[in-house]
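Heads up: the structure comes next, in structure tokens.
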Amino acid sequence: MRVVLAEDLFLLRDGLVRLLQAHDFEIAAAVESGPELAAALAELEPDVAVVDVRLPPTHTDEGLQCALDARRKRPGLPVLVLSQHVEQLYARELLADGSGGVGYLLKDRVFDAEQFVDAVRRVAAGGTAMDPQVIQQLLARQAGDGRPLARLTPREREVLELMAQGRTNAAIAGRLVVTERAIAKHTANIFAKLGLEVSDDDNRRVLAVLAYLDHGR
Amino acid sequence: MTIDTKNGNGRTKGRGIGLAAMRGLGVALVSLPGAVLCFTLSLVSMALIPIGIGLVTTPYVLTGVRAFANWRRVLAAEWGGVRIPPAYRPLPRNANPWTRTFGMLRDPATWRDLMWLPVDMTAGFVTALLPAALWLYPLEGFALAVGLWRVFPDGYWYGFVPVTGQVSALGAAALGLVILFFAHFLSPLLLDVHFRLTQAVLGSGQRQLAERVRVLTETRRDAVDSSAAELRRIERDLHDGAQARLVAVGMDLGTIEALLDKDPAKAKELIAQARTSSVEALAELRELVRGIHPPVLAERGLGDAVRALALRLPVATEVNVDLPGRAEAPVESAAYFAVSEVLTNAVKHSGADRIWVDLHHADGHLRATVTDNGKGGAVIGAGSGLAGVERRLGTFDGVLAVSSPAGGPTMVTMEIPCA
């Protein structure tokens, strides 16, 4: 799997390259600025891009803009955005085109190599990887009294949180140490309570949940 | 003791008339020719600028005018207790005649001087001379009564009294006494009027300037105080938070090194612990950074920073932004934290379930309006968050207005000048 990596801090870039190589990714390019990233994304056609939000020369949200731009030119281009901070505002922009293949994680998540690599693979496969912090912000806003979300059991909330992060039923089952069938039952309940249409497709399902959480009902 | 003081006062006052008259006379005698000379020379010198001579003479003439005005400033301060601080712009040393001339001509203080000269040679002259006149005229009346009337056999008008003989001369003395009585009160007053007139023309704009200086001094102190407090808070947060956690991580790593061979299971446990510590340190640093300068503000500017902030609030918040570009970083930051504080206030105290934020740029001002449908009753007072916002905005000459009738809604408007 070919990766384009954009990160301006040498230590982090170097660490990410080694981490990804150790997990059998091929680094097509490891760049340190916005223009280089734009060029690499246009020419190298990677399977997935791992991009830092803030890049030179402007040190604003250059990386994010490059990623969004590249996805406009090549819809569905898998992009995993890393940042020192996560904002619902940015998550919303990344998810706006509804085509999936999007990840948005705190840089800290790299500490857990397994989970991080899993997230890169998921995004590359067209799935979603949303940072738990983003999901918690979304849940906190939608969990007011009288909202449908308040009718979920604590367990269902837990499942919803993991689902919104982009995990499959199998992964959620593994995480909560229950059977996949139990999770399937929970998800069916959640979808019924929130009035969402059930979908067999994992990615569609995640996007529906995220859209629901972002805009509420 | 009391009597002494009274005597002293009486004597001072008695001397006061004479003194005022003498001073007034002195000022009048010097100021009239002085002002006329200065004014004439200035006009001639400036008229000669086109042919070059004026370029050389004008700085000297204007320096003379300044010296003359400064002498009057000193008199006003010493005799009248009226302070007229000079406000001339400094001229560069070794400047060539051209820069000197036009530097001085561009200074509004120069034009104030030149406007003052005609005033000084007319109204200024009269107000300075009157105290002396009021003091000397009665003396003439007394002199007439004593015998001076004989010098004018054809009669002589003293004020409205026709002096034709001893009796009418005594009448003139009586009138002189009356004038002297009024002069007693009027002379110091007239001299005071003279100095105040000088202040009004020569020192125009000074009061506004003084007020501005007072406000700037105050807001600067607030800014220095609050930034010092902020630095102390950051230092404490780093010291007790991230710094301490990194020390813990370092210690854990040392222990892990020692345990790696002896007790791998224990070492693994410690690795997990070190990782947790580092994640926590990062979380704390993130919060700290958010408090210093929110990342979205740096990356996207005020509009999106407020949008991102609104998304974090537990109350549904609608944000409308109409900003043409990005303001200067300090202005953006001040506006952001002001809006943030007002929003926090609204969420905490208003009980509102909807908030509207409007950001736009109009007439050289950045205007932010935060409206909530809560219970109202918000005031800018000691201890309220709004007082802090007002101080924060004050540094940028910004203002805060609160409309919050009991029962709501509350509308807080903030305005910061920005190009």
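Chain lettering (A, B, ...) mirrors the order of the structure tokens, residue numbering begins at 1 for each chain separately, and ligand numbering begins at 1 in order of display.
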
Exercise for the section: Tell me which protein, DNA and RNA residues are within 12 Å of B:Ala28, counting only C-alpha atoms, leaving out same-chain ones fewer than 4 positions away, and put them as a list of chain:residue names. Expected result: B:Ala20, B:Ala21, B:Met22, B:Arg23, B:Gly24, B:Leu32, B:Pro33, B:Gly34, B:Ala35, B:Arg72, B:Asp120, B:Met121, B:Thr122, B:Ala123, B:Gly124, B:Phe125, B:Val126, B:Thr127, B:Ala128, B:Leu129, B:Leu130, B:Pro131, B:Ala132, B:Ala133, B:Leu191, B:His194, B:Phe195

File dump, residues just selected, N, CA and C atoms, as a PDB file, in the first residue's frame:
```
ATOM      1  N   ALA B  20      -0.906  92.200  40.805  1.00  0.00           N
ATOM      2  CA  ALA B  20      -1.611  91.884  39.566  1.00  0.00           C
ATOM      3  C   ALA B  20      -1.451  93.034  38.585  1.00  0.00           C
ATOM      4  N   ALA B  21      -1.572  94.279  39.106  1.00  0.00           N
ATOM      5  CA  ALA B  21      -1.457  95.434  38.232  1.00  0.00           C
ATOM      6  C   ALA B  21      -0.069  95.521  37.628  1.00  0.00           C
ATOM      7  N   MET B  22       0.969  95.316  38.481  1.00  0.00           N
ATOM      8  CA  MET B  22       2.343  95.390  37.989  1.00  0.00           C
ATOM      9  C   MET B  22       2.624  94.310  36.955  1.00  0.00           C
ATOM     10  N   ARG B  23       2.190  93.107  37.320  1.00  0.00           N
ATOM     11  CA  ARG B  23       2.437  91.983  36.399  1.00  0.00           C
ATOM     12  C   ARG B  23       1.712  92.209  35.085  1.00  0.00           C
ATOM     13  N   GLY B  24       0.456  92.612  35.213  1.00  0.00           N
ATOM     14  CA  GLY B  24      -0.344  92.854  34.016  1.00  0.00           C
ATOM     15  C   GLY B  24       0.322  93.897  33.129  1.00  0.00           C
ATOM     16  N   LEU B  32       2.635  93.207  23.682  1.00  0.00           N
ATOM     17  CA  LEU B  32       2.138  93.864  22.473  1.00  0.00           C
ATOM     18  C   LEU B  32       3.231  93.979  21.411  1.00  0.00           C
ATOM     19  N   PRO B  33       4.362  94.623  21.740  1.00  0.00           N
ATOM     20  CA  PRO B  33       5.414  94.691  20.699  1.00  0.00           C
ATOM     21  C   PRO B  33       5.931  93.303  20.336  1.00  0.00           C
ATOM     22  N   GLY B  34       6.052  92.447  21.341  1.00  0.00           N
ATOM     23  CA  GLY B  34       6.564  91.080  21.094  1.00  0.00           C
ATOM     24  C   GLY B  34       5.685  90.355  20.095  1.00  0.00           C
ATOM     25  N   ALA B  35       4.372  90.369  20.360  1.00  0.00           N
ATOM     26  CA  ALA B  35       3.439  89.632  19.509  1.00  0.00           C
ATOM     27  C   ALA B  35       3.423  90.219  18.102  1.00  0.00           C
ATOM     28  N   ARG B  72       5.682  83.001  27.867  1.00  0.00           N
ATOM     29  CA  ARG B  72       4.325  83.253  28.347  1.00  0.00           C
ATOM     30  C   ARG B  72       3.777  82.035  29.072  1.00  0.00           C
ATOM     31  N   ASP B 120      -3.224  87.511  21.151  1.00  0.00           N
ATOM     32  CA  ASP B 120      -2.448  88.050  22.272  1.00  0.00           C
ATOM     33  C   ASP B 120      -2.257  89.556  22.136  1.00  0.00           C
ATOM     34  N   MET B 121      -2.092  90.039  20.902  1.00  0.00           N
ATOM     35  CA  MET B 121      -1.825  91.477  20.753  1.00  0.00           C
ATOM     36  C   MET B 121      -3.109  92.295  20.892  1.00  0.00           C
ATOM     37  N   THR B 122      -4.276  91.625  20.882  1.00  0.00           N
ATOM     38  CA  THR B 122      -5.537  92.365  21.073  1.00  0.00           C
ATOM     39  C   THR B 122      -6.151  92.022  22.429  1.00  0.00           C
ATOM     40  N   ALA B 123      -6.918  90.948  22.467  1.00  0.00           N
ATOM     41  CA  ALA B 123      -7.611  90.586  23.701  1.00  0.00           C
ATOM     42  C   ALA B 123      -6.618  90.335  24.830  1.00  0.00           C
ATOM     43  N   GLY B 124      -5.496  89.703  24.487  1.00  0.00           N
ATOM     44  CA  GLY B 124      -4.480  89.405  25.496  1.00  0.00           C
ATOM     45  C   GLY B 124      -3.908  90.692  26.076  1.00  0.00           C
ATOM     46  N   PHE B 125      -3.636  91.627  25.188  1.00  0.00           N
ATOM     47  CA  PHE B 125      -3.076  92.908  25.621  1.00  0.00           C
ATOM     48  C   PHE B 125      -4.051  93.636  26.552  1.00  0.00           C
ATOM     49  N   VAL B 126      -5.331  93.686  26.138  1.00  0.00           N
ATOM     50  CA  VAL B 126      -6.339  94.391  26.929  1.00  0.00           C
ATOM     51  C   VAL B 126      -6.486  93.754  28.313  1.00  0.00           C
ATOM     52  N   THR B 127      -6.621  92.429  28.353  1.00  0.00           N
ATOM     53  CA  THR B 127      -6.826  91.774  29.657  1.00  0.00           C
ATOM     54  C   THR B 127      -5.599  91.929  30.543  1.00  0.00           C
ATOM     55  N   ALA B 128      -4.418  92.068  29.951  1.00  0.00           N
ATOM     56  CA  ALA B 128      -3.219  92.245  30.776  1.00  0.00           C
ATOM     57  C   ALA B 128      -3.102  93.688  31.271  1.00  0.00           C
ATOM     58  N   LEU B 129      -3.549  94.617  30.412  1.00  0.00           N
ATOM     59  CA  LEU B 129      -3.384  96.028  30.758  1.00  0.00           C
ATOM     60  C   LEU B 129      -4.437  96.496  31.765  1.00  0.00           C
ATOM     61  N   LEU B 130      -5.653  95.921  31.667  1.00  0.00           N
ATOM     62  CA  LEU B 130      -6.753  96.375  32.505  1.00  0.00           C
ATOM     63  C   LEU B 130      -6.430  96.416  34.011  1.00  0.00           C
ATOM     64  N   PRO B 131      -5.809  95.382  34.579  1.00  0.00           N
ATOM     65  CA  PRO B 131      -5.513  95.445  36.011  1.00  0.00           C
ATOM     66  C   PRO B 131      -4.699  96.686  36.360  1.00  0.00           C
ATOM     67  N   ALA B 132      -3.716  96.994  35.504  1.00  0.00           N
ATOM     68  CA  ALA B 132      -2.891  98.172  35.763  1.00  0.00           C
ATOM     69  C   ALA B 132      -3.734  99.439  35.625  1.00  0.00           C
ATOM     70  N   ALA B 133      -4.584  99.471  34.588  1.00  0.00           N
ATOM     71  CA  ALA B 133      -5.415 100.641  34.360  1.00  0.00           C
ATOM     72  C   ALA B 133      -6.357 100.868  35.535  1.00  0.00           C
ATOM     73  N   LEU B 191      -6.345  89.236  35.356  1.00  0.00           N
ATOM     74  CA  LEU B 191      -5.072  88.624  34.983  1.00  0.00           C
ATOM     75  C   LEU B 191      -5.271  87.119  34.769  1.00  0.00           C
ATOM     76  N   HIS B 194      -6.678  86.619  31.526  1.00  0.00           N
ATOM     77  CA  HIS B 194      -5.627  86.720  30.523  1.00  0.00           C
ATOM     78  C   HIS B 194      -4.891  85.382  30.345  1.00  0.00           C
ATOM     79  N   PHE B 195      -4.519  84.786  31.467  1.00  0.00           N
ATOM     80  CA  PHE B 195      -3.763  83.523  31.373  1.00  0.00           C
ATOM     81  C   PHE B 195      -4.633  82.398  30.823  1.00  0.00           C
TER      82      PHE B 195
END
```

Handout entry: 9 Å contact set for A:Asp8, only C-alpha atoms, chain neighbours under 2 positions out, as a list in words
Key =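 Selected residues are Ala6, Phe10, Leu11, Leu12, Arg13, Val31, Glu32, Ser33, Asp52, Arg54, Leu55 and Pro56 of chain A.
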
Would you save the residues of that selection, restricted to C-alpha atoms, as a CSV table (one decimal), in the first residue's frame?
```csv
chain,number,residue,atom,x,y,z
A,6,ALA,CA,3.1,15.2,4.9
A,10,PHE,CA,11.5,16.2,11.0
A,11,LEU,CA,11.3,14.0,14.1
A,12,LEU,CA,7.6,13.2,13.7
A,13,ARG,CA,8.0,12.6,9.9
A,31,VAL,CA,7.1,15.8,2.2
A,32,GLU,CA,7.2,18.8,4.6
A,33,SER,CA,5.2,21.6,2.9
A,52,ASP,CA,-0.6,17.1,9.1
A,54,ARG,CA,-0.6,22.7,9.8
A,55,LEU,CA,2.2,22.9,7.2
A,56,PRO,CA,4.6,25.5,5.9
```

Exercise for the section: Per DSSP on the backbone, filter stretch 42-187 of chain A down to the residues in strand (DSSP E) and report them as a PyMOL selection string. Expected result: chain A and resi 48-52+79-83+102-106+128-130

Problem - Interface, chain A side, toward chain B (9 Å; only C-alpha atoms) as a list in words - result: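 Selected residues: Val53, Arg54, Thr58, His59, Thr60, Asp61, Glu62, Gln84, His85, Glu87, Gln88, Leu89, Tyr90, Asp108, Arg109, Phe111, Asp112, Gln137, Leu138, Ala140, Arg141, Gln142 and Gly144 of chain A.
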
Could you turn the residues from that selection into a file that holds N, CA and C atoms, as a PDB file, in the first residue's frame?
```pdb
ATOM      1  N   VAL A  53      -2.350  18.821   9.606  1.00  0.00           N
ATOM      2  CA  VAL A  53      -3.183  19.982   9.266  1.00  0.00           C
ATOM      3  C   VAL A  53      -2.324  21.201   8.982  1.00  0.00           C
ATOM      4  N   ARG A  54      -1.389  21.482   9.890  1.00  0.00           N
ATOM      5  CA  ARG A  54      -0.613  22.712   9.783  1.00  0.00           C
ATOM      6  C   ARG A  54       0.719  22.444   9.093  1.00  0.00           C
ATOM      7  N   THR A  58       2.636  28.663   5.131  1.00  0.00           N
ATOM      8  CA  THR A  58       1.815  29.615   5.883  1.00  0.00           C
ATOM      9  C   THR A  58       1.644  29.213   7.342  1.00  0.00           C
ATOM     10  N   HIS A  59       1.867  27.932   7.632  1.00  0.00           N
ATOM     11  CA  HIS A  59       1.638  27.420   8.982  1.00  0.00           C
ATOM     12  C   HIS A  59       0.212  27.674   9.445  1.00  0.00           C
ATOM     13  N   THR A  60      -0.706  27.680   8.482  1.00  0.00           N
ATOM     14  CA  THR A  60      -2.114  27.727   8.880  1.00  0.00           C
ATOM     15  C   THR A  60      -2.663  26.324   8.607  1.00  0.00           C
ATOM     16  N   ASP A  61      -3.847  26.214   7.987  1.00  0.00           N
ATOM     17  CA  ASP A  61      -4.394  24.872   7.771  1.00  0.00           C
ATOM     18  C   ASP A  61      -4.079  24.363   6.369  1.00  0.00           C
ATOM     19  N   GLU A  62      -2.868  24.695   5.931  1.00  0.00           N
ATOM     20  CA  GLU A  62      -2.416  24.336   4.584  1.00  0.00           C
ATOM     21  C   GLU A  62      -2.628  22.849   4.238  1.00  0.00           C
ATOM     22  N   GLN A  84      -2.486  18.457  16.138  1.00  0.00           N
ATOM     23  CA  GLN A  84      -2.238  18.581  17.583  1.00  0.00           C
ATOM     24  C   GLN A  84      -3.539  18.824  18.333  1.00  0.00           C
ATOM     25  N   HIS A  85      -4.567  19.218  17.601  1.00  0.00           N
ATOM     26  CA  HIS A  85      -5.856  19.486  18.238  1.00  0.00           C
ATOM     27  C   HIS A  85      -6.941  19.042  17.280  1.00  0.00           C
ATOM     28  N   GLU A  87     -10.939  19.513  15.911  1.00  0.00           N
ATOM     29  CA  GLU A  87     -12.075  20.439  15.897  1.00  0.00           C
ATOM     30  C   GLU A  87     -13.204  19.818  15.108  1.00  0.00           C
ATOM     31  N   GLN A  88     -14.386  19.919  15.668  1.00  0.00           N
ATOM     32  CA  GLN A  88     -15.565  19.418  14.964  1.00  0.00           C
ATOM     33  C   GLN A  88     -15.729  20.118  13.623  1.00  0.00           C
ATOM     34  N   LEU A  89     -15.328  21.425  13.622  1.00  0.00           N
ATOM     35  CA  LEU A  89     -15.428  22.225  12.405  1.00  0.00           C
ATOM     36  C   LEU A  89     -14.674  21.572  11.240  1.00  0.00           C
ATOM     37  N   TYR A  90     -13.450  21.114  11.518  1.00  0.00           N
ATOM     38  CA  TYR A  90     -12.632  20.498  10.471  1.00  0.00           C
ATOM     39  C   TYR A  90     -13.203  19.127  10.095  1.00  0.00           C
ATOM     40  N   ASP A 108      -1.430  12.320  19.062  1.00  0.00           N
ATOM     41  CA  ASP A 108      -1.158  11.394  20.176  1.00  0.00           C
ATOM     42  C   ASP A 108      -1.521   9.948  19.822  1.00  0.00           C
ATOM     43  N   ARG A 109      -2.495   9.782  18.920  1.00  0.00           N
ATOM     44  CA  ARG A 109      -2.980   8.420  18.634  1.00  0.00           C
ATOM     45  C   ARG A 109      -1.880   7.570  18.021  1.00  0.00           C
ATOM     46  N   PHE A 111       0.859   7.058  19.277  1.00  0.00           N
ATOM     47  CA  PHE A 111       1.513   6.319  20.367  1.00  0.00           C
ATOM     48  C   PHE A 111       1.092   4.856  20.375  1.00  0.00           C
ATOM     49  N   ASP A 112      -0.188   4.628  20.055  1.00  0.00           N
ATOM     50  CA  ASP A 112      -0.665   3.249  20.002  1.00  0.00           C
ATOM     51  C   ASP A 112      -0.551   2.787  18.554  1.00  0.00           C
ATOM     52  N   GLN A 137     -17.211  15.207  21.709  1.00  0.00           N
ATOM     53  CA  GLN A 137     -17.801  16.544  21.555  1.00  0.00           C
ATOM     54  C   GLN A 137     -19.182  16.462  20.927  1.00  0.00           C
ATOM     55  N   LEU A 138     -19.273  15.626  19.882  1.00  0.00           N
ATOM     56  CA  LEU A 138     -20.559  15.485  19.183  1.00  0.00           C
ATOM     57  C   LEU A 138     -21.610  14.918  20.117  1.00  0.00           C
ATOM     58  N   ALA A 140     -21.669  14.969  23.363  1.00  0.00           N
ATOM     59  CA  ALA A 140     -22.003  15.880  24.455  1.00  0.00           C
ATOM     60  C   ALA A 140     -23.057  16.880  24.003  1.00  0.00           C
ATOM     61  N   ARG A 141     -22.936  17.314  22.743  1.00  0.00           N
ATOM     62  CA  ARG A 141     -23.902  18.304  22.246  1.00  0.00           C
ATOM     63  C   ARG A 141     -25.274  17.718  22.006  1.00  0.00           C
ATOM     64  N   GLN A 142     -25.293  16.417  21.634  1.00  0.00           N
ATOM     65  CA  GLN A 142     -26.574  15.821  21.246  1.00  0.00           C
ATOM     66  C   GLN A 142     -27.251  15.092  22.397  1.00  0.00           C
ATOM     67  N   GLY A 144     -28.478  16.189  25.252  1.00  0.00           N
ATOM     68  CA  GLY A 144     -29.346  16.955  26.149  1.00  0.00           C
ATOM     69  C   GLY A 144     -30.648  16.221  26.455  1.00  0.00           C
TER      70      GLY A 144
END
```

Practice task
Write out as a list in words the residues lying within 8 Å of stretch 148-163 of chain A, counting only C-alpha atoms and excluding same-chain residues fewer than 4 positions away.
Solution key: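 The residues that qualify are Pro132, Ile135, Gln136, Leu139, Gln142, Ala143, Gly144, Arg167, Thr168, Asn169, Ile172, Ile183, His186, Thr187, Asn189, Ile190, Lys193, Leu194, Val206 and Val209 of chain A.
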
For those residues, write N, CA and C atoms to a file as a compact mmCIF listing (two decimals), in the first residue's frame.
```
# COMPACT_ATOMS: atom_id res chain seq x y z
N PRO A 132 -11.67 9.88 18.97
CA PRO A 132 -12.64 9.79 20.07
C PRO A 132 -13.03 11.16 20.62
N ILE A 135 -15.78 12.66 18.59
CA ILE A 135 -17.04 11.94 18.84
C ILE A 135 -17.62 12.36 20.20
N GLN A 136 -16.73 12.50 21.19
CA GLN A 136 -17.23 12.91 22.50
C GLN A 136 -17.85 14.30 22.46
N LEU A 139 -21.22 13.87 20.85
CA LEU A 139 -22.17 13.21 21.75
C LEU A 139 -22.62 14.18 22.84
N GLN A 142 -25.29 16.42 21.63
CA GLN A 142 -26.57 15.82 21.25
C GLN A 142 -27.25 15.09 22.40
N ALA A 143 -26.61 15.12 23.58
CA ALA A 143 -27.11 14.26 24.66
C ALA A 143 -28.01 15.01 25.63
N GLY A 144 -28.48 16.19 25.25
CA GLY A 144 -29.35 16.95 26.15
C GLY A 144 -30.65 16.22 26.45
N ARG A 167 -15.33 2.17 13.67
CA ARG A 167 -14.98 0.75 13.86
C ARG A 167 -16.10 -0.17 13.37
N THR A 168 -15.68 -1.35 12.92
CA THR A 168 -16.65 -2.36 12.47
C THR A 168 -17.23 -3.07 13.68
N ASN A 169 -18.33 -3.81 13.46
CA ASN A 169 -18.92 -4.59 14.54
C ASN A 169 -17.90 -5.51 15.19
N ILE A 172 -15.60 -3.55 17.40
CA ILE A 172 -16.28 -3.11 18.61
C ILE A 172 -16.44 -4.29 19.58
N ILE A 183 -23.25 -7.13 19.59
CA ILE A 183 -23.05 -5.78 19.04
C ILE A 183 -24.08 -5.51 17.94
N HIS A 186 -27.17 -4.48 19.53
CA HIS A 186 -27.07 -3.11 20.03
C HIS A 186 -27.23 -2.10 18.90
N THR A 187 -26.51 -2.34 17.80
CA THR A 187 -26.56 -1.36 16.70
C THR A 187 -27.98 -1.27 16.15
N ASN A 189 -30.72 -1.67 17.81
CA ASN A 189 -31.47 -0.86 18.78
C ASN A 189 -31.18 0.62 18.61
N ILE A 190 -29.86 0.89 18.48
CA ILE A 190 -29.45 2.31 18.35
C ILE A 190 -30.11 2.93 17.13
N LYS A 193 -33.74 3.58 17.72
CA LYS A 193 -34.01 4.69 18.64
C LYS A 193 -33.72 6.04 18.00
N LEU A 194 -32.71 6.08 17.14
CA LEU A 194 -32.35 7.36 16.52
C LEU A 194 -33.13 7.59 15.24
N VAL A 206 -21.43 4.20 9.30
CA VAL A 206 -20.66 5.17 10.08
C VAL A 206 -20.98 6.60 9.66
N VAL A 209 -24.28 7.74 10.99
CA VAL A 209 -24.21 8.06 12.42
C VAL A 209 -23.53 9.41 12.63
```

Exercise for the section: Please identify all polymer residues within 7 Å of B:Glu284, counting only C-alpha atoms, omitting same-chain residues fewer than 4 positions from it, and present them as JSON, numbers by chain. Expected result: {"B": [241, 242, 280, 288]}

Practice task
Go through stretch 45-196 of chain A and collect every residue that DSSP, computed from the backbone, puts in helix (DSSP H, G or I); the answer should be as an NGL selection string.
Solution key: :A and (62-73 or 88-95 or 107-111 or 113-124 or 132-142 or 148-151 or 154-164 or 169-176 or 180-194)

Exercise for the section: Have a look at A:Val110, A:Tyr104, A:Ala211, A:Gln133 and name the one nearest to A:Val17; count only C-alpha atoms. Expected result: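 Nearest to A:Val17: A:Val110.
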
Exercise for the section: Would you mind listing what lies within 10 Å of stretch 108-114 of chain B as JSON, numbers by chain, with only C-alpha atoms counted and same-chain residues fewer than 5 positions away left out? Expected result: {"B": [35, 38, 39, 42, 43, 62, 63, 65, 66, 68, 69, 86, 87, 88, 89, 103, 119, 201, 202, 203, 204, 205]}

Exercise for the section: Identify, on the basis of only C-alpha atoms, every residue whose closest approach to A:Pro75 does not exceed 9 Å; exclude the query and any residue fewer than 4 positions from it along the same chain; express the result as a list in words. Expected result: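 Residues near the query, excluding close chain neighbours: Ala70, Arg71, Asp97 and Ser99 of chain A.
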
Hey, can you spit out that residue selection with N, CA and C atoms as a CSV table (one decimal), in the first residue's frame?
```csv
chain,number,residue,atom,x,y,z
A,70,ALA,N,-7.4,18.0,-3.0
A,70,ALA,CA,-7.1,16.7,-3.7
A,70,ALA,C,-8.3,15.8,-3.8
A,71,ARG,N,-9.1,15.9,-2.7
A,71,ARG,CA,-10.4,15.0,-2.7
A,71,ARG,C,-11.4,15.6,-3.7
A,97,ASP,N,-18.3,15.8,1.9
A,97,ASP,CA,-18.6,15.3,0.6
A,97,ASP,C,-19.3,13.9,0.7
A,99,SER,N,-18.3,11.0,1.0
A,99,SER,CA,-17.8,9.8,0.2
A,99,SER,C,-16.9,8.9,1.0
```

Exercise for the section: Just give me the gap between atom CA of B:Leu386 and atom CA of B:Glu235 in Å, one decimal is fine. Expected result: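 About the pair atom CA of B:Leu386 and atom CA of B:Glu235: they are 25.4 Å apart.
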
Practice task
Tell me, as a PyMOL selection string, which residues lie within 9 Å of B:Glu218, counting only C-alpha atoms; anything in the same chain fewer than 4 positions away does not count.
Solution key: chain B and resi 213-214+222-223+394-395
